[in-house]
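These notes concern the structure reproduced below.
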Amino acid sequence: MSLTEVLDRIDSDLDAAVDRLMALLRIPSISTDPAYAAECDRAADWLVEDLRGLGVRAEKRATPGHPMVVGHVEGEGPHLLFYGHYDVQPVDPLELWDTPPFEPELQDTPKGRVLRGRGTSDDKGQLMTFVEACRAWKAVHGSLPCRITFFFEGEEESGSPSLVPFMKENREELTSDIALICDTGLFGHDTPAIVTMLRGMLQEEVTITGPSKDLHSGMFGGIARNPAHVLTDVLAALHDEKGAVTVPGFYDDVPELPPAIAAQWEALNFDAGKFLGEVGLKHPAGEEGRSGLEMIWSRPTAEVNGMWSGYTGEGFKTVLPSKAHAKISFRLVGDQDPHKISTAFRQFVRDRVPEDCTVDFVDGMGASPASAMSTEHPAFEAARGALSDEWPNAAAFVGCGGSIPIAGYFKSITGTDAMLIGFGRDDDQLHSPNEKYDLECFHKGIRSWARILDALT
């Protein structure tokens with residue numbers, strides 16, 4: 001029996017697949033709010049029963065927080081692990097929703113039919129694309145194509161406090177040949193993507209203290225050191241005139257983009273001006289001589305996320321402040337070590353703090369390295385070809401400016417590379433009111449996974 005029969009089965013079963021997704025979407029599995037703990041438990045039970053209906057040996061596994069769902073199917077060939085999360089974001093502000101967030105609807109819009117409701121795109125709709133592909137495959141072939149582990153988390157939207165301990169305790173069970181993660185999106189409207197680079201993160205909070213108390217600027221201005229001036233001088237020194245970060249050693253472990261990946265990115269025809277235009281800007285900043293996609297996917301950054309000092313209320317208060325504060329984040333790439341960067345950054349600041357001022361740093365703000373998947377694994381090119389066969393445009397290996405920790409955990413805990421393949425679109429309004437998932441993306445996402453299963457086995 002051929003792949004064509006599986007794809008035909010997916011097409012004919014689409015209405016039923018939507019109904020199943022709707023049932024899962026009606027469960028308000030908000031992980032961050034203890035009031036919804038029972039609903040998270042109910043969503044886990046729903047998934048266990050659905051997987052068991054496919055012949056998967058599935059069970060709900062307790063954690064100190066919300067449960068994990070783990071399922072196994074034995075088979076020949078490669079061992080694939082599929083990860084998704086069943087928990088969702090809170091719905092506030094509720095008054096901005098056009099329809100009740102947990103009463104999902106199939107709606108007609110000027111851009112096509114969409115599934116509307118909390119969790120449609122992040123991540124229940126995406127999770128179910130893989131499950132539905134497996135359902136169609138089994139309906140046609142009588143069994144799934146290879147050994148598959150299903151791994152569904154219930155705390156992704158609340159920081160995943162139970163995830164790493166659970167993965168370490170069950171390392172052998174969760175080790176596979178390749179991990180598949182469906183929590184990303186398309187590039188543009190019709191270009192599928194496999195995320196192979198995820199930037200890491202370092203967060204720092206700095207406080208510079210000058211005088212022992214706020215001072216009258218008329219009496220002390222000019223003679224007393226102003227910590228707000230010191231802080232702005234430090235922050236201004238973080239970049240040179242060409243946009244490069246000036247912290248010593250910052251670029252020591254930053255690799256250049258491989259030529260083959262650079263060529264794929266160039267073919268995406270990314271318009272930096274249009275990208276910035278959507279947020280009221282026109283001119284790219286950042287490192288001189290780097291393309292727009294390089295700057296947001298494969299280059300490290302240093303950004304000031306917040307700064308405050310002195311009086312910031314209504315009206316005016318002529319004080320010379322005692323303290324000045326800033327929050328700075330670094331997006332990291334390649335082999336950059338967040339702890340090494342932290343040490344270098346703190347020394348960079350100390351070197352610029354004059355006498356009469358002191359500096360303090362807040363520890364434990366957050367530090368995680370970048371993740372880079374080896375596209376030399378044959379599964380990556382096979383999956384890229386399968387995606388290209390389903391969508392109008394050829395698939396590309398892309399980067400991601402944000403951080404998706406689960407991919408790094410698979411690598412560091414189980415030694416497994418992960419392929420991040422998702423079918424969301426930029427206008428899905430993730431984490432916002434009126435979240436949606438295009439019916440086309442749900443449908444073609446199911447078909448895409450069936451093609452990938454065929455290509456990998």
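Convention: chains lettered A, B, ... in structure tokens order; per-chain residue numbering from 1; ligands numbered from 1 as shown.
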
Polymer residues at most 9 Å from A:Cys441, only C-alpha atoms, same-chain spacing of 2 or more positions, as a compact mmCIF listing (two decimals) with C-alpha atoms, in the first residue's frame:
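And here's part.txt as it stands now:
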# COMPACT_ATOMS: atom_id res chain seq x y z
CA GLN A 126 0.03 21.15 16.16
CA PHE A 423 2.77 24.61 10.65
CA GLY A 424 1.71 27.77 12.47
CA ARG A 425 1.54 31.14 10.74
CA TYR A 437 -4.94 27.87 13.47
CA ASP A 438 -5.63 27.82 9.75
CA LEU A 439 -7.58 24.75 8.68
CA HIS A 443 -4.79 19.59 7.12
CA LYS A 444 -1.46 19.99 5.36
CA GLY A 445 0.35 19.50 8.66
CA ILE A 446 -1.20 16.03 8.97

Determine which residues of stretch 229-439 of chain A DSSP labels as helix (DSSP H, G or I) from the backbone of this structure, then write them out as number ranges by chain. A: 229-236, 259-267, 272-277, 292-298, 338-350, 378-390, 405-414, 439

Proximity to A:Asp87 - best of A:Ala62, A:Ala244, A:Val73, A:Leu25, only C-alpha atoms: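 Ranking A:Ala62, A:Ala244, A:Val73, A:Leu25 by distance to A:Asp87, first place goes to A:Leu25.
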
May I ask which of the residues A:Asp335, A:Asp233, A:Glu390, A:Glu169 is the closest one to A:Phe348, counting only C-alpha atoms? A:Asp233

Å distance separating atom CA of A:Gly313 from atom CA of A:Leu238, one decimal place: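 Between atom CA of A:Gly313 and atom CA of A:Leu238 the gap works out to 28.4 Å.
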
So that I can see what lies close to A:Val18, please list as a list of chain:residue names the residues with an atom at most 9 Å from it, counting only C-alpha atoms and leaving out residues fewer than 5 positions away in the same chain. A:Asp13, A:Ala23, A:Leu106, A:Leu115, A:Leu439, A:Phe442

I'd like the contact shell of A:Leu51 - 9 Å cut-off, only C-alpha atoms, skipping same-chain residues fewer than 4 positions apart - returned as a list of chain:residue names.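 Close residues of A:Leu51: A:Trp46, A:Leu47, A:Gly55, A:Val56, A:Arg57, A:Ala58, A:Gly71, A:Val131, A:Phe150.
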
A:Ser432, A:Thr457, A:Ser368, A:Ser121: which is nearest A:Lys340, counting only C-alpha atoms?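 Distance minimum relative to A:Lys340 lands on A:Ser368.
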